[in-house]
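Participant: This is the content of input.txt (compact mmCIF, C-alpha atoms):
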# COMPACT_ATOMS: atom_id res chain seq x y z
CA MET A 1221 0.00 0.00 0.00
CA SER A 1222 1.41 3.43 -0.96
CA ARG A 1223 2.08 6.11 1.63
CA LYS A 1224 -0.78 8.21 0.25
CA ARG A 1225 -3.19 5.27 0.36
CA ARG A 1226 -2.09 4.41 3.90
CA GLY A 1227 -2.61 8.02 4.94
CA GLN A 1228 -6.10 8.02 3.48
CA TRP A 1229 -6.87 4.75 5.25
CA LEU A 1230 -5.72 6.05 8.62
CA ALA A 1231 -7.52 9.35 8.17
CA GLY A 1232 -10.68 7.50 7.21
CA LEU A 1233 -10.40 5.31 10.27
CA ALA A 1234 -9.96 8.42 12.43
CA GLY A 1235 -13.01 10.07 10.90
CA LEU A 1236 -15.19 7.02 11.38
CA SER A 1237 -14.09 6.65 14.97
CA ALA A 1238 -14.56 10.35 15.73
CA VAL A 1239 -18.24 10.30 14.79
CA GLY A 1240 -18.76 7.01 16.60
CA GLY A 1241 -20.28 5.36 13.55
CA LEU A 1242 -21.01 1.65 13.45
CA ALA A 1243 -18.56 1.15 10.60
CA GLY A 1244 -15.74 2.77 12.55
CA THR A 1245 -16.48 0.67 15.61
CA THR A 1246 -16.45 -2.46 13.49
CA VAL A 1247 -13.05 -1.59 11.98
CA VAL A 1248 -11.53 -0.98 15.40
CA ARG A 1249 -12.94 -4.22 16.79
CA SER A 1250 -11.61 -6.19 13.83
CA LEU A 1251 -8.16 -4.76 14.47
CA THR A 1252 -8.20 -5.64 18.15
CA ARG A 1253 -9.10 -9.24 17.27
CA ARG A 1254 -5.87 -9.69 15.31
CA VAL A 1255 -4.03 -11.50 18.09
CA ALA A 1256 -2.36 -14.86 18.47
CA ASP A 1257 -4.52 -17.85 19.42
CA VAL A 1258 -1.79 -19.00 21.81
CA ASP A 1259 -0.41 -16.21 23.98
CA PRO A 1260 3.32 -16.79 24.64
CA HIS A 1261 3.50 -13.76 26.95
CA ARG A 1262 0.46 -14.48 29.09
CA ASP A 1263 2.56 -14.77 32.26
CA GLU A 1264 4.89 -11.82 31.64
CA ASP A 1265 5.27 -9.26 34.42
CA PHE A 1266 5.10 -6.10 32.34
CA ASP A 1267 5.51 -4.01 35.50
CA LEU A 1268 9.01 -5.43 36.00
CA LEU A 1269 10.67 -2.04 35.78
CA ASP A 1270 8.66 -0.76 38.74
CA ALA A 1271 10.78 -2.97 41.01
CA ASP A 1272 14.10 -1.57 39.77
CA ARG A 1273 16.06 1.07 41.64
CA GLY A 1274 14.21 4.33 41.26
CA CYS A 1275 14.73 8.05 41.70
CA VAL A 1276 13.40 11.36 40.45
CA VAL A 1277 15.34 13.72 38.19
CA THR A 1278 14.10 17.32 38.10
CA THR A 1279 14.34 19.13 34.77
CA SER A 1280 15.56 22.67 34.30
CA ASP A 1281 11.96 23.94 34.44
CA GLY A 1282 11.05 21.93 37.52
CA VAL A 1283 9.29 18.86 36.05
CA PRO A 1284 9.92 15.63 38.03
CA LEU A 1285 10.93 12.71 35.80
CA ALA A 1286 10.53 9.16 37.09
CA VAL A 1287 13.73 7.15 36.53
CA ARG A 1288 14.58 3.47 36.97
CA GLU A 1289 17.95 1.74 36.66
CA VAL A 1290 19.28 -1.80 36.68
CA GLY A 1291 22.87 -2.99 36.77
CA PRO A 1292 25.94 -1.93 38.78
CA LYS A 1293 26.42 1.79 39.29
CA ASP A 1294 30.10 1.31 38.40
CA ALA A 1295 29.38 -0.57 35.15
CA SER A 1296 31.76 0.28 32.31
CA LEU A 1297 28.88 1.42 30.07
CA THR A 1298 25.46 3.03 30.62
CA VAL A 1299 22.61 2.57 28.15
CA VAL A 1300 19.81 5.13 28.46
CA PHE A 1301 16.36 4.44 26.97
CA ALA A 1302 13.85 7.13 25.90
CA HIS A 1303 10.33 5.89 25.10
CA GLY A 1304 7.84 7.06 22.51
CA PHE A 1305 4.63 9.04 22.27
CA CYS A 1306 1.75 7.92 24.51
CA LEU A 1307 3.92 5.21 26.10
CA ARG A 1308 6.19 4.99 29.15
CA MET A 1309 9.48 3.35 30.09
CA GLY A 1310 7.77 -0.03 30.26
CA ALA A 1311 7.66 -0.05 26.47
CA PHE A 1312 11.23 -1.37 26.74
CA TYR A 1313 10.11 -4.28 28.91
CA PHE A 1314 11.59 -6.98 26.67
CA GLN A 1315 14.89 -5.14 26.37
CA ARG A 1316 15.04 -4.75 30.16
CA ALA A 1317 14.25 -8.45 30.69
CA ARG A 1318 16.67 -9.97 28.19
CA LEU A 1319 19.57 -7.54 27.99
CA THR A 1320 20.06 -7.61 31.75
CA GLU A 1321 21.07 -11.24 31.34
CA GLN A 1322 22.98 -10.62 28.11
CA TRP A 1323 25.14 -7.80 29.42
CA GLY A 1324 25.41 -8.82 33.07
CA SER A 1325 27.51 -6.57 35.29
CA GLN A 1326 29.23 -4.79 32.40
CA VAL A 1327 26.27 -2.55 31.49
CA ARG A 1328 23.89 -0.41 33.50
CA MET A 1329 20.52 0.38 31.92
CA VAL A 1330 18.61 3.57 32.72
CA PHE A 1331 14.96 4.13 31.81
CA TYR A 1332 12.77 7.17 32.38
CA ASP A 1333 9.27 8.44 31.69
CA GLN A 1334 9.16 11.48 29.41
CA ARG A 1335 7.40 14.59 30.76
CA GLY A 1336 3.64 14.16 30.81
CA HIS A 1337 3.94 10.36 30.50
CA GLY A 1338 3.85 7.50 32.99
CA GLN A 1339 4.87 8.46 36.50
CA SER A 1340 6.61 11.69 35.47
CA GLY A 1341 5.02 15.05 36.14
CA GLU A 1342 2.87 16.97 33.71
CA ALA A 1343 4.02 20.38 32.51
CA SER A 1344 2.78 23.45 30.73
CA PRO A 1345 1.54 22.51 27.23
CA HIS A 1346 3.93 24.98 25.62
CA THR A 1347 6.84 22.83 26.86
CA TYR A 1348 5.63 19.75 25.01
CA THR A 1349 8.19 20.14 22.26
CA VAL A 1350 10.98 17.97 20.89
CA PRO A 1351 13.71 20.53 21.79
CA GLN A 1352 12.51 20.47 25.40
CA LEU A 1353 12.71 16.67 25.41
CA GLY A 1354 16.35 17.01 24.35
CA HIS A 1355 16.97 19.23 27.39
CA ASP A 1356 15.18 16.69 29.60
CA LEU A 1357 17.48 13.94 28.36
CA GLU A 1358 20.49 16.08 29.25
CA ALA A 1359 19.07 16.47 32.78
CA VAL A 1360 18.76 12.69 33.08
CA LEU A 1361 22.32 12.18 31.83
CA SER A 1362 23.71 14.83 34.19
CA VAL A 1363 22.29 13.01 37.21
CA MET A 1364 22.32 9.36 36.17
CA ALA A 1365 25.46 9.17 34.00
CA PRO A 1366 27.71 12.18 34.71
CA ARG A 1367 30.81 10.18 33.79
CA GLY A 1368 31.72 7.31 31.52
CA PRO A 1369 30.57 6.23 28.06
CA VAL A 1370 26.86 6.19 27.23
CA VAL A 1371 24.73 4.62 24.49
CA LEU A 1372 21.36 6.28 23.83
CA VAL A 1373 18.30 4.32 22.67
CA GLY A 1374 15.17 6.13 21.54
CA HIS A 1375 11.89 4.77 20.19
CA SER A 1376 9.59 6.97 18.08
CA MET A 1377 9.36 10.31 19.93
CA GLY A 1378 12.23 9.02 22.06
CA GLY A 1379 14.34 8.80 18.92
CA MET A 1380 13.45 12.41 18.20
CA THR A 1381 14.53 13.17 21.78
CA VAL A 1382 17.94 11.67 21.06
CA LEU A 1383 18.24 13.62 17.81
CA SER A 1384 17.33 16.83 19.64
CA HIS A 1385 19.92 16.12 22.30
CA ALA A 1386 22.62 15.58 19.67
CA ARG A 1387 21.77 18.87 17.96
CA GLN A 1388 21.79 20.86 21.19
CA TYR A 1389 24.71 19.13 22.93
CA PRO A 1390 27.11 18.15 20.12
CA GLN A 1391 30.08 18.42 22.49
CA HIS A 1392 29.06 15.09 24.06
CA TYR A 1393 29.50 13.19 20.77
CA PRO A 1394 31.65 11.10 20.64
CA SER A 1395 33.45 12.06 23.86
CA ARG A 1396 30.67 10.71 26.09
CA ILE A 1397 27.88 9.48 23.85
CA VAL A 1398 29.55 6.60 22.03
CA GLY A 1399 26.55 5.05 20.27
CA VAL A 1400 22.93 5.77 19.36
CA ALA A 1401 19.89 3.66 18.41
CA LEU A 1402 16.88 5.23 16.69
CA ILE A 1403 13.88 2.89 16.58
CA SER A 1404 10.76 3.70 14.51
CA SER A 1405 11.66 7.38 14.40
CA ALA A 1406 12.20 10.33 12.06
CA ALA A 1407 14.56 13.30 11.88
CA GLU A 1408 11.87 15.73 10.79
CA GLY A 1409 8.12 16.30 11.13
CA VAL A 1410 5.74 13.52 10.24
CA SER A 1411 3.27 15.84 8.50
CA ARG A 1412 4.14 14.11 5.21
CA SER A 1413 3.53 10.63 6.64
CA PRO A 1414 0.14 8.94 6.97
CA LEU A 1415 -0.10 10.37 10.48
CA GLY A 1416 -0.04 13.84 8.94
CA GLU A 1417 -3.43 13.20 7.35
CA VAL A 1418 -4.87 12.34 10.74
CA LEU A 1419 -3.46 15.49 12.35
CA LYS A 1420 -5.66 17.62 10.08
CA ASN A 1421 -8.79 16.36 11.85
CA PRO A 1422 -10.76 19.34 13.29
CA VAL A 1423 -11.47 17.40 16.47
CA LEU A 1424 -7.77 17.46 17.30
CA GLU A 1425 -7.61 21.19 16.59
CA ALA A 1426 -10.42 21.76 19.06
CA ALA A 1427 -8.61 19.66 21.67
CA ARG A 1428 -5.39 21.62 21.15
CA PHE A 1429 -7.28 24.88 21.67
CA ALA A 1430 -8.83 23.59 24.88
CA VAL A 1431 -5.49 22.42 26.26
CA ARG A 1432 -3.82 25.78 25.64
CA TYR A 1433 -6.58 28.30 26.22
CA ALA A 1434 -9.40 26.60 28.13
CA PRO A 1435 -7.75 24.03 30.42
CA LYS A 1436 -10.88 23.68 32.58
CA THR A 1437 -12.70 22.17 29.61
CA VAL A 1438 -9.96 19.68 28.71
CA HIS A 1439 -11.82 16.75 30.24
CA ARG A 1440 -14.68 17.38 27.79
CA THR A 1441 -12.37 16.92 24.82
CA ARG A 1442 -10.69 13.74 26.04
CA GLY A 1443 -13.24 11.35 24.59
CA ALA A 1444 -13.40 13.09 21.22
CA ALA A 1445 -9.64 13.43 20.80
CA SER A 1446 -8.99 9.89 21.99
CA SER A 1447 -11.58 8.58 19.55
CA VAL A 1448 -9.59 10.16 16.73
CA ILE A 1449 -6.04 9.23 17.58
CA GLY A 1450 -6.55 6.16 19.77
CA PRO A 1451 -7.77 3.77 17.04
CA VAL A 1452 -5.03 5.03 14.73
CA LEU A 1453 -2.28 4.38 17.28
CA ARG A 1454 -3.65 0.92 18.00
CA ALA A 1455 -4.03 0.06 14.33
CA ALA A 1456 -0.50 1.21 13.52
CA SER A 1457 1.18 -0.38 16.53
CA TYR A 1458 1.60 -3.86 15.09
CA GLY A 1459 2.09 -5.39 11.66
CA ASP A 1460 0.30 -8.17 9.82
CA ASP A 1461 1.58 -11.03 11.95
CA LYS A 1462 -0.49 -12.23 14.87
CA ILE A 1463 0.54 -10.60 18.12
CA SER A 1464 0.29 -11.66 21.76
CA GLN A 1465 -2.97 -10.52 23.33
CA SER A 1466 -1.07 -9.66 26.53
CA VAL A 1467 1.35 -7.42 24.63
CA VAL A 1468 -1.55 -5.66 22.89
CA ALA A 1469 -3.34 -5.11 26.20
CA PHE A 1470 -0.14 -3.74 27.77
CA SER A 1471 0.50 -1.22 25.00
CA GLU A 1472 -3.13 -0.12 24.94
CA ARG A 1473 -3.05 0.43 28.69
CA MET A 1474 -0.05 2.72 28.29
CA MET A 1475 -1.84 4.70 25.59
CA HIS A 1476 -5.09 4.92 27.54
CA ASP A 1477 -3.31 6.21 30.67
CA THR A 1478 -1.68 9.11 28.79
CA PRO A 1479 -3.26 12.46 29.80
CA ILE A 1480 -5.17 14.27 27.06
CA ALA A 1481 -2.97 17.38 27.41
CA THR A 1482 0.09 15.22 26.75
CA LEU A 1483 -1.55 13.52 23.79
CA VAL A 1484 -2.62 16.64 21.92
CA GLY A 1485 0.42 18.69 22.95
CA PHE A 1486 2.98 16.27 21.61
CA LEU A 1487 0.97 15.52 18.48
CA HIS A 1488 1.76 19.03 17.29
CA ALA A 1489 5.43 18.56 18.24
CA LEU A 1490 5.63 15.41 16.13
CA GLU A 1491 4.13 17.27 13.20
CA VAL A 1492 6.51 20.23 13.12
CA HIS A 1493 9.81 19.06 14.60
CA ASP A 1494 13.00 19.27 12.56
CA GLU A 1495 16.17 17.74 14.00
CA THR A 1496 17.96 17.04 10.72
CA ALA A 1497 20.86 19.19 11.96
CA ALA A 1498 21.60 16.39 14.43
CA LEU A 1499 22.57 13.93 11.71
CA PRO A 1500 26.12 15.28 11.14
CA VAL A 1501 26.66 15.00 14.90
CA LEU A 1502 25.42 11.41 15.01
CA ALA A 1503 27.62 10.58 12.05
CA LYS A 1504 30.54 10.66 14.49
CA VAL A 1505 29.33 7.60 16.45
CA PRO A 1506 28.17 4.06 15.62
CA SER A 1507 24.41 4.03 15.21
CA LEU A 1508 21.53 1.63 14.77
CA ILE A 1509 18.38 2.45 12.78
CA VAL A 1510 15.43 0.07 13.20
CA CYS A 1511 11.94 0.20 11.71
CA GLY A 1512 9.13 -2.20 10.85
CA ASP A 1513 8.17 -2.38 7.19
CA HIS A 1514 4.50 -2.10 8.24
CA ASP A 1515 5.05 1.05 10.33
CA LEU A 1516 2.28 3.49 9.38
CA LEU A 1517 3.33 6.28 11.77
CA THR A 1518 7.00 6.64 10.85
CA PRO A 1519 7.30 4.67 7.59
CA HIS A 1520 10.60 2.96 6.88
CA GLU A 1521 11.48 5.62 4.30
CA TYR A 1522 12.27 7.92 7.23
CA SER A 1523 14.67 5.36 8.69
CA GLU A 1524 16.30 4.73 5.34
CA ALA A 1525 16.83 8.48 4.86
CA MET A 1526 18.52 8.78 8.26
CA ALA A 1527 20.72 5.74 7.68
CA ALA A 1528 21.89 7.21 4.38
CA GLU A 1529 23.29 10.21 6.33
CA LEU A 1530 25.03 8.10 8.98
CA PRO A 1531 28.11 6.27 7.64
CA LYS A 1532 28.54 4.25 10.84
CA SER A 1533 24.95 3.04 10.94
CA GLU A 1534 23.36 -0.38 10.74
CA LEU A 1535 19.89 -0.31 9.17
CA VAL A 1536 17.46 -3.04 10.25
CA ILE A 1537 14.06 -3.17 8.53
CA VAL A 1538 11.92 -5.72 10.37
CA GLY A 1539 9.55 -7.60 8.09
CA GLY A 1540 5.91 -7.68 9.16
CA ALA A 1541 6.41 -5.34 12.14
CA GLY A 1542 4.53 -2.15 12.93
CA HIS A 1543 5.42 0.93 14.94
CA LEU A 1544 5.98 -0.87 18.26
CA VAL A 1545 8.67 -3.10 16.82
CA GLU A 1546 10.50 -3.43 20.16
CA LEU A 1547 7.39 -5.09 21.62
CA GLU A 1548 6.36 -7.00 18.51
CA GLN A 1549 9.75 -8.41 17.45
CA PRO A 1550 11.90 -7.91 20.57
CA GLU A 1551 14.49 -10.55 19.72
CA ILE A 1552 15.50 -8.74 16.52
CA VAL A 1553 15.74 -5.42 18.33
CA ASP A 1554 17.66 -6.94 21.26
CA ASP A 1555 20.20 -8.62 18.98
CA ALA A 1556 20.71 -5.37 17.09
CA LEU A 1557 21.28 -3.46 20.35
CA VAL A 1558 23.88 -6.03 21.39
CA ARG A 1559 25.68 -5.49 18.08
CA LEU A 1560 25.51 -1.72 18.56
CA VAL A 1561 27.16 -1.93 21.98
CA GLN A 1562 29.82 -4.19 20.55
CA ARG A 1563 30.58 -1.65 17.81
CA ALA A 1564 30.43 1.32 20.18
CA THR A 1565 32.73 -0.14 22.85
CA PRO A 1566 35.02 -2.64 21.10
CA SER A 1567 37.89 -2.37 23.60
CA LYS A 1568 35.60 -2.93 26.57
CA LEU A 1569 33.90 -5.87 24.87
CA VAL A 1570 37.26 -7.47 24.11
CA ALA A 1571 38.18 -7.22 27.79
CA MET A 1572 34.76 -8.56 28.78
CA THR A 1573 35.12 -11.55 26.44
CA ARG A 1574 38.61 -12.26 27.81
CA ARG A 1575 37.34 -12.27 31.39
CA LEU A 1576 34.47 -14.58 30.49
CA ARG A 1577 36.86 -17.03 28.82
CA GLU A 1578 39.17 -17.00 31.81
CA ARG A 1579 36.21 -17.67 34.08
CA VAL A 1580 35.18 -20.65 31.94
CA ARG A 1581 38.73 -22.08 32.07
CA THR A 1582 38.94 -21.61 35.84
CA HIS A 1583 35.60 -23.20 36.60
CA GLY A 1584 35.63 -25.75 33.85
Please express the file's structure as structure tokens.

Facilitator:
Amino acid sequence: MSRKRRGQWLAGLAGLSAVGGLAGTTVVRSLTRRVADVDPHRDEDFDLLDADRGCVVTTSDGVPLAVREVGPKDASLTVVFAHGFCLRMGAFYFQRARLTEQWGSQVRMVFYDQRGHGQSGEASPHTYTVPQLGHDLEAVLSVMAPRGPVVLVGHSMGGMTVLSHARQYPQHYPSRIVGVALISSAAEGVSRSPLGEVLKNPVLEAARFAVRYAPKTVHRTRGAASSVIGPVLRAASYGDDKISQSVVAFSERMMHDTPIATLVGFLHALEVHDETAALPVLAKVPSLIVCGDHDLLTPHEYSEAMAAELPKSELVIVGGAGHLVELEQPEIVDDALVRLVQRATPSKLVAMTRRLRERVRTHG
């Protein structure tokens, strides 16, 4: 399906859902039924990150960000994860679960909820911009990883956060930021993607006005705005392959829990952002670009365009996957992240491998 056709399909779905028509309801229900008959993740504890060491990092404008970390504080490398739009740090559940075992004591992983998401504080709607998210990431790094090499991982809006950070803090690359992963993301506004068609819906414009100029009426716009964007996010989250019902329920819970002010505020940010100036900065470090070939929100053309500007990049297009590729095909994403760390810290990985071999010889 062409990008234009996909955009028309998503916009049509949004329009049907917004008016609450029977046809729209039927489409949404048919999408939610596209799950695996056997659920391999039925017993997963998707709240695993809640049990990790936690703290609060306060941004430059006073917003408290919820942070979790796992791994030794003196690990030789820190990997920081920034989640996407209408999600929270738990979107990296599978990476947290597997890579902890893969990397052991050599890597510390840091996760945080973006402003207005998850357990982090809400903020003034005018701060819901991609440049501000770049500043927030710098605040997290200043507290959680003030020294030592760091690899940044961003999904969707989190990838835009990483790009914004690189543009605004180029002095950290490659002196401190030694590697970057951009998952299902884009370097510039998505107004030309299928999502751009949806953003033209007048219901969203009304919700944006309420958030900025009539905050007391925001609760009245929640249902209307959610009926526009909610079905679109759910439909675009996963590809054609059957997906675990538990994973679908988890991602939908994250989306449903996102405040309406956050939803409509960042929608505009996704539409207009431009962080292409970050690409020459990221060209200095090894990078990983990942996208599903069924991603309707940030189509793989965006990832291919970024990879073409990054000579040290690995491009991974995941067949059959949608926008939430790290939840849908976690093994592919995990393996790619392992390769990125190996490329970004070759000397440390050589030493790590040597120690592991010596341990095997010693203990048989």

Participant: For each of A:Asp1272, A:Glu1548, A:Glu1264, A:Glu1289, take the minimum atom-to-atom distance to Val1468 (chain A), counting only C-alpha atoms, then give the residue where this is smallest.

Facilitator: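 Result for the nearest residue to Val1468 (chain A): A:Glu1548.
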
Participant: Write out as an MDAnalysis selection string the residues lying within 7 Å of His1337 (chain A), counting only C-alpha atoms and excluding same-chain residues fewer than 2 positions away.

Facilitator: chainID A and resid 1306:1308 1333:1335 1339:1340 1478

Participant: Which value, in Å to one decimal, gives the distance between CA of Arg1262 (chain A) and CA of Val1467 (chain A)?

Facilitator: 8.4 Å

Participant: For the point (24.6, 1.0, 38.7) in the file's frame, write as a VMD selection string all residues with an atom no more than 6 Å away, counting all atoms listed in the file.

Facilitator: chain A and resid 1291 to 1294 1328

Participant: Of the candidates A:Leu1269, A:Val1545, A:Val1290, A:Ala1317, which one gets nearest to Asp1515 (chain A) if we count only C-alpha atoms?

Facilitator: A:Val1545

Participant: Counting all atoms listed in the file, which residue out of A:Phe1312, A:Phe1486, A:Tyr1393, A:Phe1301 sits closest to Pro1345 (chain A)?

Facilitator: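 Closest candidate: A:Phe1486.
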
Participant: Using CA of His1392 (chain A) and CA of Thr1320 (chain A) as the two end points, give the distance in Å to one decimal.

Facilitator: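 Pair CA of His1392 (chain A) / CA of Thr1320 (chain A) returns 25.6 Å.
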
Participant: Just the number, please: distance in Å from CA of Thr1347 (chain A) to CA of Ala1498 (chain A), one decimal.

Facilitator: 20.3 Å

Participant: Have a look at A:Pro1351, A:Ala1271, A:Thr1381, A:Thr1565 and name the one nearest to Arg1316 (chain A); count only C-alpha atoms.

Facilitator: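 Answer, going by the shortest atom-to-atom distance: A:Ala1271.
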
Participant: Between A:Arg1288, A:His1385, A:His1375, A:His1303, single out the one closest to Val1350 (chain A), counting all atoms listed in the file.

Facilitator: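 Comparing A:Arg1288, A:His1385, A:His1375, A:His1303 against Val1350 (chain A), the winner is A:His1385.
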
Participant: Phe1305 (chain A): which residues within 12 Å, counting all atoms listed in the file, same-chain residues fewer than 2 positions away excluded, as a ChimeraX atom specification?

Facilitator: /A:1302-1303,1307-1309,1311,1333-1338,1348-1350,1353,1374-1381,1404-1405,1449-1450,1453,1457,1471,1474-1479,1482-1490,1517-1518,1543-1544

Participant: Tell me which of A:Arg1387, A:His1493, A:Lys1462, A:Arg1318 sits closest to His1355 (chain A), counting all atoms listed in the file.

Facilitator: A:Arg1387

Participant: Env of Leu1502 (chain A): 12 Å cut, atoms = all atoms listed in the file, seq-sep filter 6 positions within chain, self excluded. Answer as number ranges by chain.

Facilitator: A: 1371-1372, 1382-1395, 1397-1402, 1407, 1495-1496, 1508-1509, 1526-1533

Participant: Name all residues at most 9 Å from His1520 (chain A) (count all atoms listed in the file; drop same-chain ones fewer than 3 positions away) and give them as a PyMOL selection string.

Facilitator: chain A and resi 1404-1405+1510-1516+1523-1525+1537

Participant: Could you save the residues just selected, with C-alpha atoms, as a tab-separated table (two decimals), in the coordinates of the input?

Facilitator:
chain	number	residue	atom	x	y	z
A	1404	SER	CA	10.76	3.70	14.51
A	1405	SER	CA	11.66	7.38	14.40
A	1510	VAL	CA	15.43	0.07	13.20
A	1511	CYS	CA	11.94	0.20	11.71
A	1512	GLY	CA	9.13	-2.20	10.85
A	1513	ASP	CA	8.17	-2.38	7.19
A	1514	HIS	CA	4.50	-2.10	8.24
A	1515	ASP	CA	5.05	1.05	10.33
A	1516	LEU	CA	2.28	3.49	9.38
A	1523	SER	CA	14.67	5.36	8.69
A	1524	GLU	CA	16.30	4.73	5.34
A	1525	ALA	CA	16.83	8.48	4.86
A	1537	ILE	CA	14.06	-3.17	8.53

Participant: Give me the residues near Val1287 (chain A) as a list in words, where near means some atom within 7 Å (using all atoms listed in the file) and where sequence neighbours in that chain fewer than 4 positions away do not count.

Facilitator: Gly1274, Cys1275, Val1276, Val1277, Phe1331, Tyr1332 and Asp1333 of chain A

Participant: Generate N, CA and C atoms for region 1461-1478 of chain A and emit them as a short mmCIF file (atom, residue, chain, number, x, y, z; two decimals), keeping the file's coordinate frame.

Facilitator:
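New file out-v4.cif:
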data_model
loop_
_atom_site.label_atom_id
_atom_site.label_comp_id
_atom_site.auth_asym_id
_atom_site.auth_seq_id
_atom_site.Cartn_x
_atom_site.Cartn_y
_atom_site.Cartn_z
N ASP A 1461 1.48 -9.77 11.22
CA ASP A 1461 1.58 -11.03 11.95
C ASP A 1461 0.73 -10.99 13.20
N LYS A 1462 0.28 -12.16 13.64
CA LYS A 1462 -0.49 -12.23 14.87
C LYS A 1462 0.40 -11.83 16.05
N ILE A 1463 -0.20 -11.16 17.00
CA ILE A 1463 0.54 -10.60 18.12
C ILE A 1463 -0.07 -11.07 19.43
N SER A 1464 0.75 -11.22 20.43
CA SER A 1464 0.29 -11.66 21.76
C SER A 1464 -0.78 -10.73 22.29
N GLN A 1465 -1.88 -11.31 22.77
CA GLN A 1465 -2.97 -10.52 23.33
C GLN A 1465 -2.50 -9.76 24.57
N SER A 1466 -1.59 -10.33 25.34
CA SER A 1466 -1.07 -9.66 26.53
C SER A 1466 -0.24 -8.44 26.15
N VAL A 1467 0.54 -8.55 25.09
CA VAL A 1467 1.35 -7.42 24.63
C VAL A 1467 0.44 -6.30 24.14
N VAL A 1468 -0.60 -6.67 23.38
CA VAL A 1468 -1.55 -5.66 22.89
C VAL A 1468 -2.21 -4.95 24.06
N ALA A 1469 -2.67 -5.71 25.05
CA ALA A 1469 -3.34 -5.11 26.20
C ALA A 1469 -2.40 -4.18 26.96
N PHE A 1470 -1.13 -4.57 27.06
CA PHE A 1470 -0.14 -3.74 27.77
C PHE A 1470 0.07 -2.42 27.05
N SER A 1471 0.26 -2.47 25.74
CA SER A 1471 0.50 -1.22 25.00
C SER A 1471 -0.74 -0.34 25.01
N GLU A 1472 -1.92 -0.92 24.91
CA GLU A 1472 -3.13 -0.12 24.94
C GLU A 1472 -3.34 0.52 26.30
N ARG A 1473 -2.94 -0.16 27.35
CA ARG A 1473 -3.05 0.43 28.69
C ARG A 1473 -2.15 1.66 28.82
N MET A 1474 -0.94 1.57 28.26
CA MET A 1474 -0.05 2.72 28.29
C MET A 1474 -0.66 3.90 27.54
N MET A 1475 -1.24 3.63 26.39
CA MET A 1475 -1.84 4.70 25.59
C MET A 1475 -3.05 5.30 26.31
N HIS A 1476 -3.88 4.45 26.88
CA HIS A 1476 -5.09 4.92 27.54
C HIS A 1476 -4.76 5.79 28.75
N ASP A 1477 -3.67 5.48 29.44
CA ASP A 1477 -3.31 6.21 30.67
C ASP A 1477 -2.64 7.56 30.38
N THR A 1478 -2.34 7.84 29.12
CA THR A 1478 -1.68 9.11 28.79
C THR A 1478 -2.67 10.27 28.90
#
